[in-house]
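Engineer: Sharing final.cif (mmCIF, C-alpha atoms and all ligand atoms) below.
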```cif
data_model
loop_
_atom_site.label_atom_id
_atom_site.label_comp_id
_atom_site.auth_asym_id
_atom_site.auth_seq_id
_atom_site.Cartn_x
_atom_site.Cartn_y
_atom_site.Cartn_z
CA MET A 1 -8.01 -1.54 76.18
CA VAL A 2 -5.82 -3.16 78.80
CA ILE A 3 -7.34 -4.10 82.15
CA PRO A 4 -4.39 -4.48 84.50
CA GLY A 5 -3.85 -6.55 87.59
CA GLY A 6 -4.82 -5.20 90.97
CA GLU A 7 -8.02 -6.05 92.74
CA SER A 8 -10.96 -7.10 90.60
CA THR A 9 -13.57 -6.16 93.23
CA THR A 10 -12.18 -2.62 93.48
CA ILE A 11 -11.87 -2.15 89.72
CA ALA A 12 -15.50 -3.22 89.26
CA LYS A 13 -16.72 -0.99 92.12
CA LEU A 14 -14.81 2.01 90.79
CA ALA A 15 -16.19 1.42 87.29
CA ARG A 16 -19.69 1.42 88.84
CA SER A 17 -19.12 4.56 90.93
CA PHE A 18 -17.79 6.48 87.96
CA ASP A 19 -20.72 5.25 85.88
CA LEU A 20 -18.38 3.53 83.44
CA PHE A 21 -19.28 -0.10 84.12
CA ASP A 22 -21.94 -0.57 81.43
CA LEU A 23 -20.03 1.49 78.87
CA ILE A 24 -16.89 -0.64 79.32
CA SER A 25 -18.86 -3.87 79.36
CA ASP A 26 -20.80 -2.93 76.20
CA ARG A 27 -17.60 -1.99 74.36
CA ILE A 28 -15.97 -5.29 75.30
CA ILE A 29 -18.98 -7.30 74.24
CA SER A 30 -19.23 -5.41 70.96
CA GLY A 31 -15.67 -6.37 70.00
CA MET A 32 -13.23 -3.75 71.29
CA PRO A 33 -9.84 -5.48 71.53
CA THR A 34 -9.19 -5.97 75.22
CA TYR A 35 -6.42 -7.66 77.18
CA GLY A 36 -6.89 -8.44 80.87
CA SER A 37 -4.13 -9.71 83.15
CA CYS A 38 -4.84 -11.28 86.54
CA ALA A 39 -7.61 -9.07 88.05
CA GLY A 40 -8.23 -8.08 84.42
CA MET A 41 -8.78 -11.75 83.53
CA ILE A 42 -11.35 -12.03 86.33
CA LEU A 43 -13.16 -8.97 84.96
CA LEU A 44 -13.34 -10.51 81.46
CA ALA A 45 -14.86 -13.78 82.73
CA ASN A 46 -18.53 -14.46 82.17
CA LYS A 47 -18.54 -16.27 85.52
CA ILE A 48 -16.38 -15.92 88.66
CA LYS A 49 -15.90 -18.61 91.31
CA ASP A 50 -14.97 -17.56 94.87
CA ALA A 51 -16.17 -14.08 94.02
CA ALA A 52 -16.72 -11.52 96.76
CA GLU A 53 -20.38 -11.05 97.61
CA GLY A 54 -22.09 -9.20 94.77
CA GLN A 55 -18.88 -9.03 92.72
CA GLU A 56 -19.51 -8.15 89.09
CA SER A 57 -17.46 -8.74 85.96
CA PHE A 58 -17.57 -7.00 82.60
CA GLY A 59 -17.68 -10.42 80.97
CA GLY A 60 -16.95 -11.22 77.33
CA ILE A 61 -15.02 -14.49 77.58
CA ASP A 62 -17.08 -17.64 77.94
CA MET A 63 -15.12 -19.03 80.88
CA VAL A 64 -15.36 -19.67 84.59
CA VAL A 65 -12.42 -18.15 86.48
CA ARG A 66 -11.57 -18.99 90.08
CA ARG A 67 -10.26 -16.00 92.04
CA ASN A 68 -7.19 -16.42 94.26
CA ALA A 69 -7.05 -19.99 92.97
CA PHE A 70 -3.36 -20.64 93.70
CA GLY A 71 -3.74 -19.48 97.29
CA ARG A 72 -2.88 -16.37 99.23
CA GLN A 73 -0.30 -13.65 98.51
CA ILE A 74 2.43 -15.83 100.02
CA ASP A 75 1.67 -18.56 97.47
CA SER A 76 2.59 -16.24 94.57
CA PHE A 77 5.17 -17.79 92.22
CA GLU A 78 6.96 -17.60 88.88
CA THR A 79 7.37 -20.22 86.19
CA ASP A 80 8.21 -20.60 82.49
CA LEU A 81 5.31 -21.33 80.15
CA LYS A 82 4.76 -22.36 76.56
CA PHE A 83 2.37 -19.86 74.96
CA LYS A 84 0.57 -20.88 71.76
CA GLY A 85 1.37 -18.40 68.99
CA ILE A 86 4.54 -17.12 70.66
CA THR A 87 7.75 -18.84 69.66
CA GLU A 88 10.45 -20.01 72.10
CA PRO A 89 11.93 -19.16 74.54
CA LYS A 90 9.15 -19.79 77.01
CA ILE A 91 7.36 -16.91 78.69
CA ARG A 92 8.39 -16.12 82.26
CA ALA A 93 5.02 -15.94 84.02
CA VAL A 94 4.61 -14.10 87.33
CA PHE A 95 1.54 -15.20 89.29
CA ILE A 96 0.49 -12.87 92.13
CA ARG A 97 -2.51 -14.15 94.10
CA ALA A 98 -3.64 -15.20 90.68
CA PRO A 99 -6.82 -16.73 89.31
CA TRP A 100 -6.95 -19.80 87.10
CA VAL A 101 -9.49 -20.79 84.48
CA GLU A 102 -11.79 -23.59 85.63
CA SER A 103 -13.65 -24.19 82.38
CA VAL A 104 -14.05 -22.66 78.93
CA GLY A 105 -16.74 -22.66 76.25
CA ASN A 106 -16.25 -23.82 72.65
CA GLU A 107 -15.27 -20.41 71.33
CA VAL A 108 -12.36 -20.03 73.73
CA GLU A 109 -8.84 -20.94 72.68
CA VAL A 110 -6.47 -21.96 75.46
CA LEU A 111 -3.01 -20.43 74.87
CA ALA A 112 -1.12 -21.51 78.00
CA GLU A 113 -1.60 -23.86 80.93
CA VAL A 114 0.05 -24.53 84.26
CA SER A 115 -0.26 -27.32 86.81
CA ASP A 116 -1.38 -26.55 90.34
CA PRO A 117 0.52 -27.94 93.37
CA SER A 118 -1.46 -31.19 93.17
CA GLY A 119 -0.56 -31.69 89.49
CA VAL A 120 -3.90 -30.69 87.95
CA ILE A 121 -3.54 -28.63 84.76
CA HIS A 122 -5.39 -25.31 84.43
CA PRO A 123 -5.58 -22.82 81.54
CA VAL A 124 -3.84 -19.53 82.44
CA ALA A 125 -3.96 -17.72 79.08
CA VAL A 126 -7.00 -17.69 76.82
CA ARG A 127 -8.38 -15.90 73.82
CA GLN A 128 -11.91 -15.47 72.53
CA GLY A 129 -12.11 -13.33 69.40
CA ASN A 130 -10.75 -9.88 70.27
CA LEU A 131 -10.37 -10.67 73.96
CA LEU A 132 -7.17 -11.95 75.54
CA ALA A 133 -6.65 -12.83 79.20
CA THR A 134 -3.75 -14.12 81.27
CA SER A 135 -3.65 -15.14 84.95
CA PHE A 136 -0.10 -13.84 85.14
CA HIS A 137 1.65 -10.48 84.76
CA PRO A 138 3.87 -10.32 81.65
CA GLU A 139 4.48 -6.61 82.23
CA LEU A 140 6.71 -7.42 85.20
CA THR A 141 9.42 -9.22 83.27
CA GLY A 142 10.54 -6.79 80.57
CA ASP A 143 9.54 -9.35 77.92
CA ASN A 144 6.90 -7.69 75.76
CA ARG A 145 5.90 -10.70 73.65
CA VAL A 146 2.43 -11.16 75.19
CA HIS A 147 1.59 -7.47 74.65
CA LYS A 148 3.03 -7.77 71.15
CA TYR A 149 0.78 -10.79 70.52
CA PHE A 150 -2.20 -8.64 71.60
CA VAL A 151 -1.23 -5.71 69.37
CA GLU A 152 -0.25 -7.76 66.32
CA ASN A 153 -2.75 -10.62 66.38
CA ILE A 154 -5.78 -8.80 67.75
CA CYS A 155 -5.59 -4.97 67.54
CA ARG A 156 -3.94 -4.71 64.11
CA GLN A 157 -6.62 -6.91 62.54
CA LEU A 158 -9.21 -4.20 63.21
CA ALA A 159 -9.40 -0.67 61.94
CA THR A 160 -12.64 0.46 63.55
CA PHE A 161 -11.58 1.05 67.16
N1 LIG B 1 -6.47 -11.54 93.66
C1 LIG B 1 -6.77 -10.39 92.88
C2 LIG B 1 -8.27 -10.31 92.59
O1 LIG B 1 -9.02 -11.10 92.98
C3 LIG B 1 -5.98 -10.37 91.59
C4 LIG B 1 -4.51 -10.21 91.87
C5 LIG B 1 -3.71 -9.58 90.77
O2 LIG B 1 -4.25 -8.90 89.88
N2 LIG B 1 -2.41 -9.75 90.84
O3 LIG B 1 -8.70 -9.43 91.94
#
```
Now that the file is in, can you turn its structure into structure tokens?

Structural biologist:
Amino acid sequence: MVIPGGESTTIAKLARSFDLFDLISDRIISGMPTYGSCAGMILLANKIKDAAEGQESFGGIDMVVRRNAFGRQIDSFETDLKFKGITEPKIRAVFIRAPWVESVGNEVEVLAEVSDPSGVIHPVAVRQGNLLATSFHPELTGDNRVHKYFVENICRQLATF
């Protein structure tokens, strides 16, 4: 499954209204390969900072994610990132009112990081088992290497889903 960018509060509310929330969450927790970008990353976080009141996440990745961490829409930006497991050239990463990862548990592998305007480094791509999450939107660049990483390193390892 791919959980796209958009608005994490809306995605969660819609999943609740259509009675899909628990089904999706259970599938993720039981190992269905899932990739979440931006709002999708927020939805895969076990804990959200700066969440809207009552905002829920599907969970699955042992991390704390801060919503809208880089600032407002106008603070959106692009940069080139090294991504562990993907060879050069660097990935062009598009951040749109993006979250960053504040902290991760032991099981979480950090795949890419970026520094905020004050120079502090934050993880922006992580993996825990069959779950992959990025703060940025690789689908906007025409470079499919992050999706390829998901398909080849995560989905292809499993035959049961
Ligand atoms: N800021 C959005 C949220 O909180 C995420 C933005 C995005 O997906 N580009 O859900």

Engineer: With ligand LIG 1 (chain B) as the partner and 10 Å as the cut-off, tabulate the residues of chain A that qualify, each row holding the nearest pair of atoms and their distance in Å to one decimal, using only C-alpha atoms and all ligand atoms, sorted by chain and rising number, as a tab-separated table.

Structural biologist:
```
residue	atom	partner	partner_atom	distance
A:Ile3	CA	B:LIG1	O2	9.6
A:Pro4	CA	B:LIG1	O2	7.0
A:Gly5	CA	B:LIG1	O2	3.3
A:Gly6	CA	B:LIG1	O2	3.9
A:Glu7	CA	B:LIG1	O3	3.5
A:Ser8	CA	B:LIG1	O3	3.5
A:Thr9	CA	B:LIG1	O3	6.0
A:Thr10	CA	B:LIG1	O3	7.8
A:Ile11	CA	B:LIG1	O3	8.2
A:Ala12	CA	B:LIG1	O3	9.6
A:Gly36	CA	B:LIG1	O2	9.4
A:Ser37	CA	B:LIG1	O2	6.8
A:Cys38	CA	B:LIG1	O2	4.1
A:Ala39	CA	B:LIG1	O2	3.8
A:Gly40	CA	B:LIG1	O2	6.8
A:Met41	CA	B:LIG1	O2	8.3
A:Ile42	CA	B:LIG1	O3	6.7
A:Leu43	CA	B:LIG1	O3	8.3
A:Ile48	CA	B:LIG1	O1	9.8
A:Asp50	CA	B:LIG1	O1	9.0
A:Ala51	CA	B:LIG1	O1	7.8
A:Ala52	CA	B:LIG1	O1	8.6
A:Arg66	CA	B:LIG1	O1	8.8
A:Arg67	CA	B:LIG1	O1	5.1
A:Asn68	CA	B:LIG1	N1	5.0
A:Ala69	CA	B:LIG1	N1	8.5
A:Phe70	CA	B:LIG1	N1	9.6
A:Gly71	CA	B:LIG1	N1	9.1
A:Arg72	CA	B:LIG1	N1	8.2
A:Gln73	CA	B:LIG1	N1	8.1
A:Ser76	CA	B:LIG1	N2	9.0
A:Val94	CA	B:LIG1	N2	9.0
A:Phe95	CA	B:LIG1	N2	6.9
A:Ile96	CA	B:LIG1	N2	4.5
A:Arg97	CA	B:LIG1	N1	4.8
A:Ala98	CA	B:LIG1	C4	5.2
A:Pro99	CA	B:LIG1	N1	6.8
A:Ser135	CA	B:LIG1	O2	8.0
A:Phe136	CA	B:LIG1	N2	7.4
A:His137	CA	B:LIG1	N2	7.3
```

Engineer: Determine, counting all atoms listed in the file, every residue of protein, DNA or RNA that lies within 12 Å of (-15.6, 4.5, 82.6) in the file coordinates, then give the result as a VMD selection string.

Structural biologist: chain A and resid 1 3 11 to 27 58

Engineer: So, with all atoms listed in the file as the atoms that count, which of A:Val146, A:Ile91, A:Val108, A:Ile74 lies closest to Gln128 of chain A?

Structural biologist: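 Among the listed residues, A:Val108 lies closest to Gln128 of chain A.
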
Engineer: Ranking A:Asn46, A:Thr134, A:Asn153, A:Ser30 by minimum distance to Val104 of chain A and counting all atoms listed in the file, which one comes first?

Structural biologist: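 Going through A:Asn46, A:Thr134, A:Asn153, A:Ser30 one by one, the smallest distance to Val104 of chain A is for A:Asn46.
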
Engineer: Please compute the atom CA of Arg145 of chain A-atom CA of Ile86 of chain A distance, one decimal, in Å.

Structural biologist: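 Those two atoms sit 7.2 Å apart.
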
Engineer: Of the candidates A:Pro117, A:Pro33, A:Pro123, A:Gly59, which one gets nearest to Val101 of chain A if we count all atoms listed in the file?

Structural biologist: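 For Val101 of chain A, the nearest of the candidates is A:Pro123.
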
Engineer: Would you work out the distance separating atom CA of Glu88 of chain A from atom CA of Glu139 of chain A, expressed in Å to one decimal?

Structural biologist: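 Those two atoms sit 17.8 Å apart.
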
Engineer: What is the distance, in Å and to one decimal place, between atom CA of Lys82 of chain A and atom CA of Val124 of chain A?

Structural biologist: 10.8 Å

Engineer: Using all atoms listed in the file, find the one residue out of A:Gly105, A:Gly119, A:Gly60, A:Gly54 that sits nearest to Ala133 of chain A.

Structural biologist: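 Of A:Gly105, A:Gly119, A:Gly60, A:Gly54, the one nearest Ala133 of chain A, counting all atoms listed in the file, is A:Gly60.
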
Engineer: Hey, what's within 8 Å of Pro138 of chain A if we count all atoms listed in the file and toss same-chain stuff fewer than 5 positions away? As a list of chain:residue names, please?

Structural biologist: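 Selected residues are A:Arg92, A:Ala93, A:Val94, A:Asp143, A:Asn144, A:Val146, A:His147.
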
Engineer: Which residue out of A:Ile61, A:Ala112, A:Val2, A:Met32 has the minimum interatomic distance to Leu158 of chain A when all atoms listed in the file are used?

Structural biologist: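 The closest residue to Leu158 of chain A is A:Met32.
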
Engineer: With all atoms listed in the file as the basis for distance, which of A:Gln157, A:Ser103, A:Asn130, A:Ser115 is at the shortest distance from Thr79 of chain A?

Structural biologist: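 Looking at the shortest contact to Thr79 of chain A, the residue is A:Ser115.
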
Engineer: Reconstruct all heavy atoms of segment 110-121 of chain A; output as a short mmCIF file (atom, residue, chain, number, x, y, z; two decimals), in the frame of the given file.

Structural biologist:
```
data_model
loop_
_atom_site.label_atom_id
_atom_site.label_comp_id
_atom_site.auth_asym_id
_atom_site.auth_seq_id
_atom_site.Cartn_x
_atom_site.Cartn_y
_atom_site.Cartn_z
N VAL A 110 -7.41 -21.97 74.34
CA VAL A 110 -6.47 -21.96 75.46
C VAL A 110 -5.06 -21.78 74.89
O VAL A 110 -4.62 -22.53 74.02
CB VAL A 110 -6.58 -23.27 76.28
CG1 VAL A 110 -5.49 -23.33 77.34
CG2 VAL A 110 -7.96 -23.38 76.91
N LEU A 111 -4.34 -20.76 75.40
CA LEU A 111 -3.01 -20.43 74.87
C LEU A 111 -1.88 -20.90 75.78
O LEU A 111 -0.76 -21.10 75.32
CB LEU A 111 -2.89 -18.92 74.65
CG LEU A 111 -3.93 -18.28 73.72
CD1 LEU A 111 -3.79 -16.77 73.73
CD2 LEU A 111 -3.78 -18.82 72.31
N ALA A 112 -2.16 -21.04 77.07
CA ALA A 112 -1.12 -21.51 78.00
C ALA A 112 -1.79 -22.16 79.19
O ALA A 112 -2.91 -21.80 79.56
CB ALA A 112 -0.23 -20.35 78.45
N GLU A 113 -1.06 -23.13 79.77
CA GLU A 113 -1.60 -23.86 80.93
C GLU A 113 -0.50 -24.03 81.96
O GLU A 113 0.69 -24.00 81.64
CB GLU A 113 -2.04 -25.27 80.51
CG GLU A 113 -3.15 -25.28 79.48
CD GLU A 113 -3.50 -26.70 79.03
OE1 GLU A 113 -2.57 -27.49 78.77
OE2 GLU A 113 -4.70 -26.99 78.95
N VAL A 114 -0.92 -24.28 83.19
CA VAL A 114 0.05 -24.53 84.26
C VAL A 114 -0.55 -25.59 85.18
O VAL A 114 -1.78 -25.74 85.24
CB VAL A 114 0.36 -23.21 85.02
CG1 VAL A 114 -0.67 -22.85 86.05
CG2 VAL A 114 1.74 -23.21 85.62
N SER A 115 0.32 -26.35 85.88
CA SER A 115 -0.26 -27.32 86.81
C SER A 115 -0.25 -26.75 88.22
O SER A 115 0.67 -26.04 88.61
CB SER A 115 0.46 -28.67 86.74
OG SER A 115 1.73 -28.57 87.25
N ASP A 116 -1.30 -27.04 88.96
CA ASP A 116 -1.38 -26.55 90.34
C ASP A 116 -0.53 -27.46 91.23
O ASP A 116 0.00 -28.47 90.76
CB ASP A 116 -2.86 -26.43 90.79
CG ASP A 116 -3.55 -27.78 90.97
OD1 ASP A 116 -2.85 -28.79 91.16
OD2 ASP A 116 -4.79 -27.80 90.92
N PRO A 117 -0.37 -27.15 92.53
CA PRO A 117 0.52 -27.94 93.37
C PRO A 117 0.14 -29.43 93.43
O PRO A 117 1.00 -30.29 93.64
CB PRO A 117 0.38 -27.29 94.76
CG PRO A 117 -0.03 -25.87 94.45
CD PRO A 117 -0.87 -25.94 93.21
N SER A 118 -1.11 -29.77 93.14
CA SER A 118 -1.46 -31.19 93.17
C SER A 118 -1.34 -31.84 91.78
O SER A 118 -1.72 -32.99 91.60
CB SER A 118 -2.87 -31.38 93.74
OG SER A 118 -3.79 -30.69 92.94
N GLY A 119 -0.82 -31.09 90.81
CA GLY A 119 -0.56 -31.69 89.49
C GLY A 119 -1.70 -31.54 88.50
O GLY A 119 -1.61 -32.04 87.38
N VAL A 120 -2.78 -30.88 88.88
CA VAL A 120 -3.90 -30.69 87.95
C VAL A 120 -3.59 -29.48 87.05
O VAL A 120 -3.12 -28.45 87.53
CB VAL A 120 -5.23 -30.46 88.72
CG1 VAL A 120 -6.39 -30.26 87.76
CG2 VAL A 120 -5.50 -31.61 89.68
N ILE A 121 -3.85 -29.67 85.76
CA ILE A 121 -3.54 -28.63 84.76
C ILE A 121 -4.70 -27.64 84.63
O ILE A 121 -5.86 -28.05 84.53
CB ILE A 121 -3.31 -29.27 83.38
CG1 ILE A 121 -2.31 -30.42 83.45
CG2 ILE A 121 -2.95 -28.25 82.32
CD1 ILE A 121 -0.88 -30.03 83.31
#
```
